[in-house]
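Peer 1: Sharing a structure, written as structure tokens. Questions coming.
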Amino acid sequence: MTAEQRTDRMESLSDSAIMEKVRDGQVEKLAILFERHHVKIFNFFLRLTGSHNLSEDLVQDVFIRILKYRSTYEGKGKFTVWMYRVARNVHVDHLRKNKGTYNLEDQFEEPESKEDSPMHALEQKKDKELIQKALSQLPVKKREALILSRFQDMKYKEIAELFGCREGTIKASIHRAVKQLGEIYLELQGGVPS
Amino acid sequence: MTCSNIQERFVEYLTGQLSEKESEEIRAHVAECSDCRRELESLTEIWTKLGVLKEERPGDRLRTRFYSMLETYKLAEEEKIRKEREGLFSRLKNLWPRKPVFQFALTLGMLVLGLVIGNVWTVIPQQETVNTALADEVQTMRQTLAASLIDQGSASERLQGINMSYTLVDPDDKLLDKLLSTLNSDPSVNVRLAAVEALYLFHDHPKVKKGLIDSLSRQSSPMVQAALIDLMVSIRERRAVDALKSLLEQEDLNPEIKDRAEKGIQRLSF
């Protein structure tokens, strides 16, 4: 076990302990879990949807649901797996309500660039818009799995637990997702490799 | 290892989830296989490209909203608990009827219930009184019987009467007088000894104490004298010292009794 994995496990242990306290009535302890994880969940939603405002709303919904369903927390497995399960449900419910689209004006909004060269900043902005657009064209499940693996530091095993399927399935699915994303990206570029 | 096996592990290779040995296998394979090399290159390109989606910070609004939501939730939970408690109280309150007629009926019912309970309660001591009266009656009968037996001619009947007096809790003056006179004047030594034992049980009675002390000088039998001396010592009757001293003055006193009386005086004076 590497030092990183050990810290990981310790962190998740204390996450679980805190969540058990929240479940047993100390709801104010949820603030600790919020401070630890809200940026990560926010970025999960941001990469899924491409929208800043929507992602903030969805993060809020995740914590509302954690409170609402706190009594169902069993303390088995990693807290983050349970948390991302809630997050996925929040996202899927949002899509269902809005008939599969995000229906937002601020999608792919401009990030605040700190680059000094305006030309470089413009290029980066275009790149980002393009990759976000490509990502949004991936089927939801593939997109989720890819984002969890690429950005949210989740292992195949944890993603498999979250999706309720075998590790091998996730492995293959993420591989296909990356491949498909590459194809979509190429297509969006007009078939010209960058 | 087949190409598809290798390709399936490309993402793990890119995320650094493979061991050094496994990574080496991948590198060795792509160095040989151009298809896999192209595949890894294109995957690496898009994987790297995803890096432009940098981690961003949510606005401060998110934190503000979260804390106000948490506060609202906490207050709502506290309110819920308060309401549950109140609910219990109001359910009790609801048991009280609204209509005056029913209120009256309920009050009447309570009153009747109270009376019934009160009645049951008072019946029990009454029964106790009955029991006590019965016991008293038995006691009186025994006393009469004991007294009449003591008056009988035969020694065995007199003994029986004295034995019966053992069972009495609080014998009356008449029976005590009879026991004392038996102690002083019964011709049988055995009867007199039995009287000493019976009177020992009632020695708390002032009359009995005085009678026992007075009796000491009247006894002629050494056995009765010894029994009386022992009794005085065991009840620690200090007033008996004078009676014992006058007993010692008797000329024909049994030496054993003398000795016992002297020891008794010592122990009582101590």
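To be explicit about the labels: the chains of the structure tokens are called A, B, and onward in the order shown, and within each one the residues are counted from 1, while ligands get numbers from 1 in the order they are shown.
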Could you list the residues in chain B lying within 7 Å of chain A, using only C-alpha atoms, and format the result as a PyMOL selection string?

Peer 2: chain B and resi 8+11+43+46+50+52-53+55-58+62+66+70+74

Peer 1: Can you tell me which residues surround Ser16 in chain A at a distance of at most 9 Å, considering only C-alpha atoms, apart from same-chain residues fewer than 4 positions away, and format the answer as a count of residues only?

Peer 2: 10
